[in-house]
Amino acid sequence: MQSSNDRPRGVGGGPESAAGHRAAPGGAHVDTASGPRQDELGHDDLRYDDPWYDALASGWGEPAGPGAPEPAVPSMRREPAVEPSRAAADVYVQVQRSAAFQEVRSRYRRFVVPAVVAFFLWYVAYVVTATTAPGLMARPVAGAVNVAMVAGLGQFLTTFLLTWAYARHARLRRDRAALELRWDTQELTRGARGGVS
Amino acid sequence: MTGDHQTLALLLFSTFVAVTLGITTWVGRRRHGSAEEFYAGGRLFSPMENGFAISGDYMSAASFLGISGLIALYGYDGMLYSVGFLVAWLVVLFLVAELVRNCGRFTLADVVAARMRERPVRIAAGTSSVTVSVLYLVAQMVGAGSLVALLLGGTSEAARTWTVIGVGALMVVYVSLGGMRATTWIQIVKAVLLLGGTLTLTALVLVRFHGDVDRLLRTAAERSGHGEAFLAPGLAYGGDWVSRFDFISLGLALVLGTAGLPHILSRFYTVPTARAARRSVVWSIGLIGGFYLMTIVLGFGAAALVGPDTVRASNAAGNTAVPLLALDLGGGAQSTGGTVLFAVVAAVAFATILAVVAGITLASSASVAHDLYASLRRRRTEPRGEVAVARVAAVGIGAVAIGLGLLARDLNVAFLVGLAFAVAASANLPVLLYSLFWRGFTTRGAVWAVYGGLVPAVVLVLLSPVVSGSPQALFPGVDFQCFPLQNPGLVSIPLGFLAGWLGTVTSPEAPDEAKHAETEVRSLTGAGAV
């Protein structure tokens, strides 16, 4: 099995890569993908035609050196599976351990975990205050508007802001790297399946 | 309500039914009968279309009429609902939409079963999904019956019975003939109608007050008889600690339940990629947020222009606040404008119910055919066979919903929506989050997480004041109540998470690292997504 860190440079290197990528899903989807969907994917793919390296600050580009982890050892307790799917499963373990995937995952988590904690606490605080401290919420702010109104509309506002921030973060920081990983993984899976059977 | 209202409203109802049936036949003409097409509409909808469809699925008549009515009666406390309904979408956007799109095919169980032993997990997740759907469905059916009776003035038993049967029959036709593609287009049409209607009424309210929101709020507060207290929380839920905890419980269920609603989850599969799923959620957050902001204006508008006493006299729960407001905004009961606006609101409310029940029926027929039937019937079924089962399941679920809707038609079922959200939050959300994010999660943990949330939620409701021991209960004659809250979420949601953890740590089997790697890689990159 190929080491995962030399593969993507071959795949994601030049402008011709887009064509190669577009061909990938068709081959990898032996099961359910229908014709029109692949066209849609291909069309979607065209937006990613620009150079790949900006989005991937680190990861695939850096060789892991001699200490690179071996391809995963299949665990003993896994129920015996047929050979091709075992090879394909190894691909996922291999990708999961790659620096590129870990970078995508940590970017996702670094945004989502604090954001979830923040909005959840803010919402619970709002509901608890509204039900247990109506006096505080009734304090006037301006005209007929009181603290409760400000807090309620604040919930709407923070929801909109967080939605915008998440969409922007995902678009700029994750999408490109995730898409590249997707094609590489599918290519590896196809290789693993084809190699054995 | 005079005859003019009824005629015009009936005309608009019929137009909507004709248009939706037209969509169904038009879509059905080109169908191939594949599972992909029936459950996911071919996965070819654009983010904007799906965003409208998601909002159509989510904005029920309970939101349109119910929340505005609560605001008209209780002021600020009604607004707490709309906040919960909207904030819930952040959970969907951040933790669920993209990941579920990437690693599932049609249902919630697909995501979980990918990592676990398939059969027990599918049966568990399928059972809880069907439970959530049926609870939600019955609430909508009963609501449809009383709503139509209310709006058309005919409170006769026969009118309500036929409404429930008619709504049930229509939803079965939409779903079994049109599948996801027809259902999605019906949601889109409904969302546009609902948003258009709400926007018109909101604009008219604001014009009436010359754009002065401050004066709107002051007038509402004066007219309510509560003064400033009307604009602050406490009128509905501030009474005692039981009602406070009850609302906190409901608030938690709303915020965590949305991400576990089967008919919302199934919508993410109608778009081609996870990116498209994200963009459709962004669309729907915009639409739903705008909608709830407008219902707040409508609620305070109804309090200011119609007055809580008139609203309460018409319907004790406040469901007629918006129709009465429409009548007033159009120029009063005898005017043409009033008649037209009233009929439009009635027709929009009816369209809303029809579309929502169609969405839920489709999701639950998918759970029955794709999860329960396919697992209980050991042999793998052909995809085509599975779609046939799903169509039959839609008919069966329609029959069950009609039956329960008729049985429950005289009961106060307002708690059922809150209960559906509570069950979704306690049974579906823990298992979904654990399988997406927890490396050590096992099959036993998954099964325990589902039943450990589902059973307490249902049992606690049976023991709560909504079933027995209070004048408004389902069975006011008997008293076996021992759980004080109407909504079980505060207890059952933590129990669901706890049961999943407990099942996992006591599990004899070790977690499958490779399967976890596959789920994690697929969920974040979309590799191998269908």
# chains A, B, ... in the order shown; residues from 1 in each chain; ligands from 1
>>> select_by_dssp(residues="range 88-280 of chain B", states="helix (DSSP H, G or I)", output="PyMOL selection string")
chain B and resi 88-103+108-113+118-152+157-208+213-224+227-231+241-260+262-270+274-280
>>> write_last_selection(atoms="C-alpha atoms", output="compact mmCIF listing (two decimals), in the first residue's frame")
# COMPACT_ATOMS: atom_id res chain seq x y z
CA ALA B 88 -32.05 25.14 17.41
CA TRP B 89 -30.82 25.59 13.85
CA LEU B 90 -27.32 26.36 15.05
CA VAL B 91 -27.11 22.81 16.42
CA VAL B 92 -28.26 21.54 13.03
CA LEU B 93 -25.83 23.72 11.10
CA PHE B 94 -22.74 23.16 13.24
CA LEU B 95 -23.01 19.53 14.26
CA VAL B 96 -25.43 17.70 12.03
CA ALA B 97 -26.23 18.90 8.51
CA GLU B 98 -22.94 18.45 6.66
CA LEU B 99 -21.77 15.40 8.56
CA VAL B 100 -25.09 13.59 8.17
CA ARG B 101 -25.20 14.44 4.48
CA ASN B 102 -21.72 13.00 4.06
CA CYS B 103 -22.16 9.68 5.81
CA LEU B 108 -30.75 8.75 10.67
CA ALA B 109 -30.16 5.02 11.13
CA ASP B 110 -27.84 4.97 8.09
CA VAL B 111 -25.37 7.21 9.89
CA VAL B 112 -25.34 5.13 13.06
CA ALA B 113 -25.50 1.72 11.41
CA GLU B 118 -26.61 -3.00 11.67
CA ARG B 119 -29.72 -4.85 12.79
CA PRO B 120 -30.24 -3.77 16.43
CA VAL B 121 -29.19 -0.22 15.66
CA ARG B 122 -31.54 0.13 12.71
CA ILE B 123 -34.45 -1.28 14.66
CA ALA B 124 -33.78 1.10 17.56
CA ALA B 125 -33.29 4.21 15.46
CA GLY B 126 -36.20 3.30 13.20
CA THR B 127 -38.51 2.83 16.18
CA SER B 128 -37.65 6.18 17.71
CA SER B 129 -37.92 7.98 14.37
CA VAL B 130 -41.37 6.52 13.75
CA THR B 131 -42.42 7.45 17.30
CA VAL B 132 -41.34 11.05 16.83
CA SER B 133 -43.08 11.25 13.46
CA VAL B 134 -46.36 9.78 14.69
CA LEU B 135 -46.48 12.14 17.70
CA TYR B 136 -45.86 15.12 15.47
CA LEU B 137 -48.31 13.87 12.87
CA VAL B 138 -51.19 13.37 15.30
CA ALA B 139 -50.66 16.87 16.67
CA GLN B 140 -50.87 18.27 13.14
CA MET B 141 -53.94 16.22 12.20
CA VAL B 142 -55.92 17.23 15.27
CA GLY B 143 -54.75 20.79 14.72
CA ALA B 144 -55.97 20.65 11.12
CA GLY B 145 -59.40 19.48 12.20
CA SER B 146 -59.93 22.14 14.80
CA LEU B 147 -58.30 24.83 12.69
CA VAL B 148 -60.52 24.31 9.70
CA ALA B 149 -63.56 24.09 11.92
CA LEU B 150 -62.47 27.30 13.61
CA LEU B 151 -61.73 29.21 10.44
CA LEU B 152 -64.79 28.10 8.57
CA GLU B 157 -68.32 16.99 14.36
CA ALA B 158 -68.80 15.92 10.77
CA ALA B 159 -66.80 18.84 9.36
CA ARG B 160 -63.85 18.07 11.62
CA THR B 161 -63.97 14.35 10.95
CA TRP B 162 -63.95 14.91 7.21
CA THR B 163 -61.16 17.45 7.47
CA VAL B 164 -58.95 14.97 9.30
CA ILE B 165 -59.77 12.22 6.79
CA GLY B 166 -59.25 14.58 3.86
CA VAL B 167 -55.87 15.82 5.09
CA GLY B 168 -54.76 12.24 5.75
CA ALA B 169 -55.86 11.07 2.31
CA LEU B 170 -54.14 13.98 0.55
CA MET B 171 -50.85 13.43 2.34
CA VAL B 172 -50.90 9.74 1.44
CA VAL B 173 -51.49 10.65 -2.21
CA TYR B 174 -48.66 13.21 -2.25
CA VAL B 175 -46.18 10.89 -0.62
CA SER B 176 -46.94 7.54 -2.16
CA LEU B 177 -47.34 8.88 -5.69
CA GLY B 178 -44.87 11.74 -5.68
CA GLY B 179 -42.18 10.68 -3.20
CA MET B 180 -39.58 13.18 -2.10
CA ARG B 181 -39.62 15.20 -5.30
CA ALA B 182 -43.31 16.07 -5.07
CA THR B 183 -43.09 16.59 -1.31
CA THR B 184 -40.20 19.01 -1.76
CA TRP B 185 -42.02 21.08 -4.35
CA ILE B 186 -45.10 21.20 -2.14
CA GLN B 187 -42.90 22.45 0.73
CA ILE B 188 -41.43 25.12 -1.52
CA VAL B 189 -44.85 26.33 -2.67
CA LYS B 190 -46.09 26.34 0.90
CA ALA B 191 -43.03 28.19 2.22
CA VAL B 192 -43.46 30.90 -0.40
CA LEU B 193 -47.17 31.23 0.39
CA LEU B 194 -46.58 31.30 4.13
CA LEU B 195 -43.74 33.82 3.94
CA GLY B 196 -45.70 35.95 1.48
CA GLY B 197 -48.78 35.97 3.69
CA THR B 198 -46.78 36.74 6.82
CA LEU B 199 -44.83 39.47 5.07
CA THR B 200 -48.03 41.14 3.84
CA LEU B 201 -49.65 41.11 7.27
CA THR B 202 -46.46 42.36 8.95
CA ALA B 203 -46.17 45.21 6.49
CA LEU B 204 -49.81 46.15 7.09
CA VAL B 205 -49.31 46.13 10.87
CA LEU B 206 -46.24 48.33 10.57
CA VAL B 207 -48.01 50.70 8.18
CA ARG B 208 -50.88 50.98 10.64
CA VAL B 213 -42.49 49.79 16.75
CA ASP B 214 -42.30 51.54 20.08
CA ARG B 215 -45.90 52.75 19.71
CA LEU B 216 -46.96 49.25 18.62
CA LEU B 217 -45.50 47.76 21.79
CA ARG B 218 -47.01 50.47 24.02
CA THR B 219 -50.46 50.06 22.48
CA ALA B 220 -50.25 46.29 22.89
CA ALA B 221 -49.24 46.67 26.53
CA GLU B 222 -52.05 49.14 27.26
CA ARG B 223 -54.70 47.11 25.49
CA SER B 224 -53.64 43.88 27.23
CA GLY B 227 -49.31 47.26 31.30
CA GLU B 228 -45.54 47.02 31.20
CA ALA B 229 -45.66 43.43 32.47
CA PHE B 230 -46.99 42.38 29.05
CA LEU B 231 -43.62 43.21 27.51
CA TRP B 241 -41.28 26.76 40.08
CA VAL B 242 -43.07 23.91 38.35
CA SER B 243 -44.10 26.09 35.44
CA ARG B 244 -40.63 27.65 35.31
CA PHE B 245 -38.96 24.27 35.10
CA ASP B 246 -41.59 23.23 32.62
CA PHE B 247 -40.60 26.00 30.30
CA ILE B 248 -36.87 25.38 30.75
CA SER B 249 -37.57 21.76 29.87
CA LEU B 250 -39.49 22.75 26.77
CA GLY B 251 -36.77 25.22 25.81
CA LEU B 252 -34.13 22.48 25.97
CA ALA B 253 -36.32 20.11 23.97
CA LEU B 254 -36.86 22.72 21.25
CA VAL B 255 -33.20 23.58 20.92
CA LEU B 256 -31.88 20.02 20.95
CA GLY B 257 -34.83 18.28 19.31
CA THR B 258 -34.76 19.96 15.93
CA ALA B 259 -31.49 18.23 15.04
CA GLY B 260 -33.15 14.87 15.70
CA PRO B 262 -36.45 12.65 11.04
CA HIS B 263 -38.21 14.82 8.46
CA ILE B 264 -35.57 17.53 8.86
CA LEU B 265 -32.67 15.06 8.65
CA SER B 266 -34.04 13.49 5.47
CA ARG B 267 -34.06 16.88 3.76
CA PHE B 268 -30.25 17.04 3.72
CA TYR B 269 -30.15 14.09 1.36
CA THR B 270 -32.02 15.96 -1.37
CA ALA B 274 -22.42 18.51 2.05
CA ARG B 275 -21.59 22.02 0.91
CA ALA B 276 -25.03 22.28 -0.63
CA ALA B 277 -26.53 20.93 2.60
CA ARG B 278 -24.75 23.66 4.54
CA ARG B 279 -25.90 26.33 2.15
CA SER B 280 -29.48 25.10 2.34
>>> interface_residues(of="chain A", to="chain B", cutoff="8 Å", atoms="only C-alpha atoms", output="PDB file with C-alpha atoms, in the first residue's frame")
ATOM      1  CA  ALA A  28     -15.358   5.284  -7.120  1.00  0.00           C
ATOM      2  CA  HIS A  29     -19.107   5.257  -7.084  1.00  0.00           C
ATOM      3  CA  THR A  32     -25.603   4.229  -6.400  1.00  0.00           C
ATOM      4  CA  ALA A  33     -24.500   7.391  -8.147  1.00  0.00           C
ATOM      5  CA  ARG A  37     -25.451  13.585 -10.227  1.00  0.00           C
ATOM      6  CA  GLU A  40     -23.489  18.072 -10.959  1.00  0.00           C
ATOM      7  CA  LEU A  41     -20.402  17.013  -9.075  1.00  0.00           C
ATOM      8  CA  PRO A  74      -5.950  -4.260  11.245  1.00  0.00           C
ATOM      9  CA  SER A  75      -7.201  -4.788  14.750  1.00  0.00           C
ATOM     10  CA  ARG A  77     -11.156  -7.826  17.223  1.00  0.00           C
ATOM     11  CA  ARG A  78     -12.563  -6.668  13.953  1.00  0.00           C
ATOM     12  CA  ALA A  89     -11.097   0.199   5.567  1.00  0.00           C
ATOM     13  CA  ASP A  90      -7.333   0.532   5.941  1.00  0.00           C
ATOM     14  CA  TYR A  92      -9.733   5.340   5.958  1.00  0.00           C
ATOM     15  CA  VAL A  93      -7.460   4.675   8.931  1.00  0.00           C
ATOM     16  CA  VAL A  95      -6.304   9.007   5.813  1.00  0.00           C
ATOM     17  CA  GLN A  96      -7.485   9.640   9.340  1.00  0.00           C
ATOM     18  CA  PHE A 101      -7.011  15.235   7.632  1.00  0.00           C
ATOM     19  CA  VAL A 104      -9.166  19.766   8.550  1.00  0.00           C
ATOM     20  CA  ARG A 105     -10.600  18.091  11.622  1.00  0.00           C
ATOM     21  CA  VAL A 112     -17.453  24.428  16.276  1.00  0.00           C
ATOM     22  CA  VAL A 116     -21.566  25.460  20.366  1.00  0.00           C
ATOM     23  CA  TYR A 123     -29.469  30.397  25.193  1.00  0.00           C
ATOM     24  CA  VAL A 124     -29.786  28.509  28.509  1.00  0.00           C
ATOM     25  CA  VAL A 127     -34.277  30.975  29.128  1.00  0.00           C
ATOM     26  CA  VAL A 128     -33.356  30.569  32.786  1.00  0.00           C
ATOM     27  CA  ALA A 130     -36.475  34.886  31.543  1.00  0.00           C
ATOM     28  CA  THR A 131     -38.296  32.302  33.641  1.00  0.00           C
ATOM     29  CA  THR A 132     -36.684  32.931  37.014  1.00  0.00           C
ATOM     30  CA  PRO A 134     -38.654  38.493  35.241  1.00  0.00           C
ATOM     31  CA  MET A 137     -35.809  41.323  32.346  1.00  0.00           C
ATOM     32  CA  ALA A 138     -38.510  43.976  32.789  1.00  0.00           C
ATOM     33  CA  GLY A 143     -39.018  53.596  25.362  1.00  0.00           C
ATOM     34  CA  ALA A 144     -41.150  50.453  25.520  1.00  0.00           C
ATOM     35  CA  VAL A 145     -38.076  48.311  24.880  1.00  0.00           C
ATOM     36  CA  ASN A 146     -36.807  46.491  27.972  1.00  0.00           C
ATOM     37  CA  ALA A 148     -36.069  41.121  27.780  1.00  0.00           C
ATOM     38  CA  MET A 149     -36.679  42.530  24.281  1.00  0.00           C
ATOM     39  CA  GLY A 152     -34.594  38.145  22.753  1.00  0.00           C
ATOM     40  CA  GLN A 155     -30.633  35.777  20.378  1.00  0.00           C
ATOM     41  CA  PHE A 156     -31.851  36.318  16.829  1.00  0.00           C
ATOM     42  CA  THR A 159     -27.880  33.222  15.575  1.00  0.00           C
ATOM     43  CA  PHE A 160     -27.574  35.118  12.312  1.00  0.00           C
ATOM     44  CA  LEU A 162     -22.864  32.703  14.034  1.00  0.00           C
ATOM     45  CA  THR A 163     -24.472  31.272  10.914  1.00  0.00           C
ATOM     46  CA  TRP A 164     -22.603  33.762   8.777  1.00  0.00           C
ATOM     47  CA  TYR A 166     -19.636  29.389  10.323  1.00  0.00           C
ATOM     48  CA  ALA A 167     -20.464  29.483   6.625  1.00  0.00           C
ATOM     49  CA  ASP A 175     -13.962  23.275   1.874  1.00  0.00           C
ATOM     50  CA  ALA A 178     -11.850  18.598   2.473  1.00  0.00           C
ATOM     51  CA  LEU A 179     -12.596  18.270  -1.220  1.00  0.00           C
ATOM     52  CA  LEU A 181      -9.025  14.793   0.756  1.00  0.00           C
ATOM     53  CA  ARG A 182     -12.259  13.422  -0.625  1.00  0.00           C
ATOM     54  CA  TRP A 183     -10.850  12.734  -4.069  1.00  0.00           C
ATOM     55  CA  THR A 185      -9.473   9.049  -0.333  1.00  0.00           C
ATOM     56  CA  GLN A 186     -11.729   7.836  -3.106  1.00  0.00           C
TER      57      GLN A 186
END
>>> atom_distance(atom1="CA of Tyr373 in chain B", atom2="CA of Gly385 in chain B")
10.8 Å
>>> closest_residue(among="B:Gly496, B:Ala62, B:Ala388, B:Phe480", to="Gly418 in chain B", atoms="only C-alpha atoms")
B:Ala62
>>> atom_distance(atom1="CA of Tyr108 in chain A", atom2="CA of Arg174 in chain A")
7.3 Å
